[in-house]
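Below is one structure, written out as structure tokens, with a few remarks after it.
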Amino acid sequence: MSALLEVSGLRVHFPLPRKLPWRPRRKVHAVDGVDFTLAAGRTLGIVGESGSGKTTAALAVMRLVEITGGTVRLKGSDVTRLAGEALRLQRRHVQMIFQDPYSSLNPRTRAGTIVEEPMARMGIGSPAERRSRVRELFEQVGLRPDQLALFPHQFSGGQRQRIGIARALATRPELIVCDEPVSALDVAIQAQILNLLARLQREHGLSYLFISHDLGVVQNLCDDIAVMYLGRIVEQAPRARLFANPLHPYTWALFSAVPRIGRRRGKGFARLRLEGDPPSPIELPRGCRFAGRCPFAEARCREEEPALRAMGEGQHVACHLVREDGGVPHRPLAL
Amino acid sequence: MSAGANLTSAGAIPAGGLLEVENLQVEFDTWDGRVRVIESLDFSLAAGEMLCFVGESGCGKSMTALAVMGLVPQPTGHITAGSVRFLGEDLVRAGAARLQQVRGNEISMIFQEPMTSLNPVYTVGEQIAEALRLHKGLARAAARERAVEMLRAVHIPEPERRVEEYPHQFSGGMRQRVMIAIALACEPRILIADEPTTALDVTVQAQIFDLLEELRETRGTAIVLITHDMGAVAEMADRVIVMYAGRKVEEGGVQDILERPAHPYTHGLLACRPTLVLGDLGARGELAEIPGVVPPLHQMGAGCAFAPRCGRVLPRCHANAPPRTALAAGHAAACWLLERSRP
């Protein structure tokens with residue numbers, strides 16, 4: 001299995017302004033030691049709540065935030081320290097689809113020009129070739145050629161997201177980073193965009209790094225899933241494994257928090273209620289980052305930070321309480 | 001302190017229920033002329049009931065809530081027909097002063113955005129106390145005491161300290177709890193929650209849902225929950241109204257809607273959402289799609305509003321709007337397919 005993307009020990013810290021000149025500078029530990037690999041043609045989902053660092057990790061892969069430590073390798077070559085023209089040229093291999101289709105398109109630029117722009121910037125093809133490629137892309141994402149000259153405001157949210165997808169495909173990248181690509185869309189439109197992303201992946205052998213907070217969406221689209229909490233991966237597994245047998249108490253809590261059709265009030269479902277909010281990523285707690293909200297936490301959890309351990313069949317978990325034989329502190333999910 | 005003691009209208013709840021909305025019609029003046037955003041809507045709400053409105057954006061869910069509250073945006077919006085009877089009193093015909101008495105006191109509302117619904121320059125305690133001073137005539141000290149009590153009721157830790165804090169010192173989930181505390185301070189009979197958890201994380205959403213459920217059980221508040229998430233409907237609702245383009249397309253008990261959906265739009269809403277499945281999903285299939293988008297309201301023809309997106313459309317769907325067909329007790333839908341299958 002050839003890895004397209006290898007991220008190891010990734011750290012992204014944002015320094016905060018000093019409160020007083022003699023005080024030490026504090027930092028937001030947005031991503032704090034994260035490893036993952038993505039094989040060509042597959043989709044890796046990163047899930048987590050707001051503040052878990054999932055978007056920052058994606059931006060670091062895109063080289064859109066400054067990387068504090070660790071490496072990002074694309075097709076075996078280290079892109080962590082690329083700069084200037086080399087970085088710009090590298091961008092044709094990695095493109096991004098953004099969350100908000102309203103603010104991620106220039107309102108004064110026609111749809112066709114928006115899609116053509118990445119090719120023009122990278123000097124790909126002649127103007128005539130680029131124009132025919134734009135028509136081809138419009139067709140692939142389900143837009144009509146007569147919409148080429150329209151402005152973004154003349155499209156619906158779902159159609160705008162299609163423009164964003166066409167733009168991401170323009171330079172024929174191997175890796176597309178999707179940052180919550182459907183969360184701003186209406187329920188009925190989400191399915192249209194998810195099906196489009198799945199079809200494009202089949203047809204073009206694309207790899208996706210898929211950031212989402214929506215577990216239903218992630219289960220539908222992703223092959224492997226990493227669960228992040230406060231800048232760290234707490235559990236990582238192939239899809240079937242994770243959803244059948246979540247090991248980390250946080251993953252379990254996350255699953256049990258999602259409202260589901262078929263689970264009815266009064267039918268007596270067991271929900272693990274997590275109290276409170278995640279702690280501040282500025283002053284991190286000692287020990288396990290989840291210990292403060294974990295209903296099973298023991299003294300050891302508050303002292304020692306658990307490392308990510310392999311549990312077999314590609315599943316990894318960072319929790320002291322998960323036994324070597326796969327025994328978990330929570331009741332197994334049975335609903 | 002009971003809410004009943006302060007009621008100006010009849011204390012006993014009429015047989016019809018707490019809230020009776022009949023033939024409600026709301027129109028807006030736009031550049032494209034006058035459009036009808038709510039078309040002859042009927043529904044009722046009983047005390048202690050959890051009623052869910054579900055549909056895509058632009059289907060009139062929020063506008064229904066605003067019409068009930070007497071908050072249809074002025075001067076472009078108009079309630080052109082129908083009545084909203086709260087304990088027998090028609091709020092459509094009530095004056096501004098009377099509506100002011102009802103809002104926040106008898107019927108309260110919480111909104112989607114807990115970040116923008118609170119005033120940043122007042123402490124949360126003052127914002128809770130304001131409603132109590134206005135509606136219940138409580139003195140400052142008494143109102144503050146009650147504010148602390150409300151914060152405790154919505155499970156905010158250290159309420160005595162937090163009551164003096166400002167909204168920016170609260171997280172998103174905590175702010176929504178403060179909003180709920182404000183809404184419930186006067187012990188209203190009805191709480192309208194318009195997508196209360198859309199801006200929140202799932203674990204926080206679960207906390208808010210549990211809280212709403214608890215408040216309903218302990219206080220008997222009737223709750224109208226507006227949502228687009230069928231999962232939330234499944235977990236929360238007693239009864240469901242499915243709206244499309246300003247019309248009620250299906251209505252029924254939660255069991256009917258989830259297990260025996262009759263309208264193709266309800267089918268679509270249930271099928272298009274990638275819901276979490278515990279266990280191995282197996283090979284992933286295509287998600288069912290509802291093609292297209294909600295049509296602009298000024299382009300609405302004479303037929304069924306859903307016809308252009310419907311997979312089972314009949315010729316007559318484009319010509320005439322389908323009538324309401326009763327399917328079972330309390331379960332009804334407006335679709336020509338049901339008309340045909342009827343004996």
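By order in the structure tokens, chains are A, B, ...; within a chain, residues start at 1; ligands start at 1, following the order shown.
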Find the residues near B:Leu99: any atom within 12 Å, counting only C-alpha atoms, skip ones fewer than 6 places away on the same chain, and give them as a PyMOL selection string. chain B and resi 67-71+84+86+89-93+105-108+135
Counting only C-alpha atoms, which residues of chain A fall within 7 Å of chain B, and what is the closest atom pair for each with its distance in Å at one decimal, ordered by chain and rising number, as a Markdown table?
| residue | atom | partner | partner_atom | distance |
| --- | --- | --- | --- | --- |
| A:Glu49 | CA | B:Asp201 | CA | 5.8 |
| A:Ser50 | CA | B:Asp201 | CA | 6.8 |
| A:Asp186 | CA | B:Glu56 | CA | 6.2 |
| A:Val187 | CA | B:Arg273 | CA | 6.6 |
| A:Ala188 | CA | B:Ile290 | CA | 5.7 |
| A:Ala191 | CA | B:Glu289 | CA | 5.6 |
| A:Gln192 | CA | B:Glu289 | CA | 5.8 |
| A:Asn195 | CA | B:Glu286 | CA | 6.1 |
| A:Leu215 | CA | B:Leu276 | CA | 6.1 |
| A:Gly216 | CA | B:Leu276 | CA | 4.1 |
| A:Val217 | CA | B:Pro274 | CA | 5.5 |
| A:Gln219 | CA | B:Leu276 | CA | 6.7 |
| A:Asn220 | CA | B:Arg284 | CA | 6.3 |
| A:Ala240 | CA | B:Asp280 | CA | 4.6 |
| A:Phe243 | CA | B:Gly279 | CA | 5.1 |
| A:Ala244 | CA | B:Gly279 | CA | 3.6 |
| A:Leu254 | CA | B:Thr203 | CA | 6.3 |
| A:Ala257 | CA | B:Thr203 | CA | 5.3 |
| A:Val258 | CA | B:Val202 | CA | 6.1 |
| A:Pro259 | CA | B:Gly231 | CA | 4.6 |
| A:Arg260 | CA | B:Gly231 | CA | 4.1 |
| A:Ile261 | CA | B:Gly231 | CA | 4.6 |
| A:Gly262 | CA | B:Ala234 | CA | 6.7 |
| A:Arg263 | CA | B:Glu235 | CA | 6.2 |
| A:Arg264 | CA | B:Glu235 | CA | 4.9 |
| A:Arg265 | CA | B:Glu235 | CA | 5.2 |
| A:Arg273 | CA | B:Gln207 | CA | 6.9 |
| A:Leu274 | CA | B:Thr203 | CA | 6.6 |
Residues near B:Gln25, cut-off 10 Å, only C-alpha atoms, skip fewer than 3 positions along chain, as a PDB file with N, CA and C atoms, in the first residue's frame:
ATOM      1  N   GLU B  22     -55.454  28.049  12.843  1.00  0.00           N
ATOM      2  CA  GLU B  22     -56.397  27.657  11.802  1.00  0.00           C
ATOM      3  C   GLU B  22     -56.200  28.492  10.560  1.00  0.00           C
ATOM      4  N   ARG B  36     -46.740  34.039  -1.103  1.00  0.00           N
ATOM      5  CA  ARG B  36     -47.374  33.437   0.061  1.00  0.00           C
ATOM      6  C   ARG B  36     -46.368  32.478   0.694  1.00  0.00           C
ATOM      7  N   VAL B  37     -45.896  32.784   1.887  1.00  0.00           N
ATOM      8  CA  VAL B  37     -44.883  31.934   2.517  1.00  0.00           C
ATOM      9  C   VAL B  37     -45.508  30.868   3.421  1.00  0.00           C
ATOM     10  N   ILE B  38     -46.736  31.120   3.879  1.00  0.00           N
ATOM     11  CA  ILE B  38     -47.480  30.088   4.614  1.00  0.00           C
ATOM     12  C   ILE B  38     -48.849  30.002   3.980  1.00  0.00           C
ATOM     13  N   GLU B  39     -49.245  28.819   3.610  1.00  0.00           N
ATOM     14  CA  GLU B  39     -50.507  28.621   2.904  1.00  0.00           C
ATOM     15  C   GLU B  39     -51.445  27.786   3.772  1.00  0.00           C
ATOM     16  N   SER B  40     -52.553  28.354   4.125  1.00  0.00           N
ATOM     17  CA  SER B  40     -53.619  27.712   4.934  1.00  0.00           C
ATOM     18  C   SER B  40     -53.119  26.592   5.845  1.00  0.00           C
ATOM     19  N   LEU B  41     -52.426  27.004   6.886  1.00  0.00           N
ATOM     20  CA  LEU B  41     -51.831  26.048   7.827  1.00  0.00           C
ATOM     21  C   LEU B  41     -52.732  25.870   9.052  1.00  0.00           C
ATOM     22  N   ASP B  42     -53.003  24.625   9.384  1.00  0.00           N
ATOM     23  CA  ASP B  42     -53.753  24.302  10.595  1.00  0.00           C
ATOM     24  C   ASP B  42     -52.895  23.420  11.480  1.00  0.00           C
ATOM     25  N   THR B  64     -43.652  30.172  10.599  1.00  0.00           N
ATOM     26  CA  THR B  64     -44.795  29.732  11.399  1.00  0.00           C
ATOM     27  C   THR B  64     -44.595  30.143  12.856  1.00  0.00           C
ATOM     28  N   ALA B  67     -45.027  33.846  13.224  1.00  0.00           N
ATOM     29  CA  ALA B  67     -46.439  34.231  13.121  1.00  0.00           C
ATOM     30  C   ALA B  67     -47.162  33.960  14.438  1.00  0.00           C
ATOM     31  N   HIS B  78     -47.237  40.071   6.138  1.00  0.00           N
ATOM     32  CA  HIS B  78     -48.627  40.241   6.582  1.00  0.00           C
ATOM     33  C   HIS B  78     -49.241  38.885   6.869  1.00  0.00           C
ATOM     34  N   ILE B  79     -49.973  38.809   7.960  1.00  0.00           N
ATOM     35  CA  ILE B  79     -50.832  37.641   8.165  1.00  0.00           C
ATOM     36  C   ILE B  79     -52.132  37.998   7.486  1.00  0.00           C
ATOM     37  N   THR B  80     -52.435  37.343   6.354  1.00  0.00           N
ATOM     38  CA  THR B  80     -53.570  37.780   5.547  1.00  0.00           C
ATOM     39  C   THR B  80     -54.841  37.004   5.841  1.00  0.00           C
ATOM     40  N   ALA B  81     -54.717  35.889   6.527  1.00  0.00           N
ATOM     41  CA  ALA B  81     -55.927  35.150   6.888  1.00  0.00           C
ATOM     42  C   ALA B  81     -55.609  34.225   8.047  1.00  0.00           C
ATOM     43  N   GLY B  82     -56.650  33.747   8.677  1.00  0.00           N
ATOM     44  CA  GLY B  82     -56.497  32.721   9.695  1.00  0.00           C
ATOM     45  C   GLY B  82     -56.406  33.263  11.100  1.00  0.00           C
ATOM     46  N   SER B  83     -56.291  32.340  12.027  1.00  0.00           N
ATOM     47  CA  SER B  83     -56.236  32.733  13.430  1.00  0.00           C
ATOM     48  C   SER B  83     -55.218  31.891  14.184  1.00  0.00           C
ATOM     49  N   GLY B 246     -44.000  26.226   2.459  1.00  0.00           N
ATOM     50  CA  GLY B 246     -45.061  26.955   3.144  1.00  0.00           C
ATOM     51  C   GLY B 246     -46.328  26.164   3.380  1.00  0.00           C
ATOM     52  N   ARG B 247     -46.332  24.896   2.943  1.00  0.00           N
ATOM     53  CA  ARG B 247     -47.530  24.072   3.128  1.00  0.00           C
ATOM     54  C   ARG B 247     -47.213  22.893   4.013  1.00  0.00           C
TER      55      ARG B 247
END
List every residue of stretch 66-168 of chain A that DSSP, applied to the backbone of this structure, places in alpha helix (DSSP H), and write the result as a ChimeraX atom specification. /A:84-90,111-122,127-140,157-168
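Note that atom CA of A:Leu321 and atom CA of A:Thr56 are 28.4 Å apart.
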Which neighbours of stretch 96-105 of chain A fall inside 7 Å, counting only C-alpha atoms, when residues of the same chain fewer than 6 positions from it are skipped, and could you give them as a PDB file with C-alpha atoms, in the first residue's frame?
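Result file result.pdb:
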ATOM      1  CA  PRO A 152     -22.019  33.000  -7.743  1.00  0.00           C
ATOM      2  CA  GLY A 157     -25.932  26.647  -2.165  1.00  0.00           C
ATOM      3  CA  ARG A 160     -22.085  26.766  -5.507  1.00  0.00           C
ATOM      4  CA  GLN A 161     -20.532  23.813  -3.763  1.00  0.00           C
ATOM      5  CA  GLY A 164     -16.083  24.762  -5.574  1.00  0.00           C
ATOM      6  CA  ILE A 165     -15.620  21.079  -6.390  1.00  0.00           C
ATOM      7  CA  ALA A 168     -10.684  21.846  -6.799  1.00  0.00           C
ATOM      8  CA  ILE A 176      -8.416  16.835  -2.129  1.00  0.00           C
ATOM      9  CA  VAL A 177      -8.904  18.163   1.373  1.00  0.00           C
ATOM     10  CA  CYS A 178     -12.630  18.535   2.096  1.00  0.00           C
ATOM     11  CA  ASP A 179     -13.330  20.729   5.117  1.00  0.00           C
ATOM     12  CA  GLU A 180     -16.945  20.093   6.175  1.00  0.00           C
ATOM     13  CA  PRO A 181     -18.068  20.248   2.530  1.00  0.00           C
ATOM     14  CA  VAL A 182     -21.752  19.594   3.229  1.00  0.00           C
ATOM     15  CA  SER A 183     -22.365  21.031   6.675  1.00  0.00           C
ATOM     16  CA  ALA A 184     -23.524  24.399   5.327  1.00  0.00           C
TER      17      ALA A 184
END
Contacts of A:Thr80 at 8 Å or less, counting only C-alpha atoms, minus same-chain residues fewer than 2 places along, as a VMD selection string? chain A and resid 63 67 70 to 73 78 82
Give me, as a PyMOL selection string, the residues of stretch 108-208 of chain A that a backbone DSSP run labels strand (DSSP E or B). chain A and resi 175-179+207-208
Find the residues around A:Cys319 up to 7 Å (only C-alpha atoms counted), leave out those fewer than 3 positions away in its own chain, and share them as a compact mmCIF listing (two decimals) with N, CA and C atoms, in the first residue's frame.
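Contents of part07.txt, as written:
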# COMPACT_ATOMS: atom_id res chain seq x y z
N HIS A 248 -12.61 3.83 22.44
CA HIS A 248 -12.39 4.97 23.33
C HIS A 248 -13.72 5.48 23.91
N PRO A 306 -2.14 8.93 27.90
CA PRO A 306 -2.06 7.63 27.21
C PRO A 306 -1.54 7.80 25.78
N VAL A 322 -8.70 0.87 28.20
CA VAL A 322 -8.98 -0.18 27.23
C VAL A 322 -7.94 -1.28 27.44
To one decimal place in Å, what is the distance between atom CA of B:Ala185 and atom CA of B:Ile241?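 About the pair atom CA of B:Ala185 and atom CA of B:Ile241: they are 27.7 Å apart.
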Might you pull out every residue within 8 Å of A:Pro145, with only C-alpha atoms counted and same-chain residues fewer than 6 positions away left off, and present them as a PyMOL selection string? chain A and resi 135+138-139
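For the residues A:Thr251, A:Asp146, A:Arg309, A:Ile282, ranking by smallest atom-to-atom distance to A:Cys294 using only C-alpha atoms places A:Thr251 first.
Here atom CA of A:Ser280 and atom CA of B:Gln112 stand 24.3 Å from one another.
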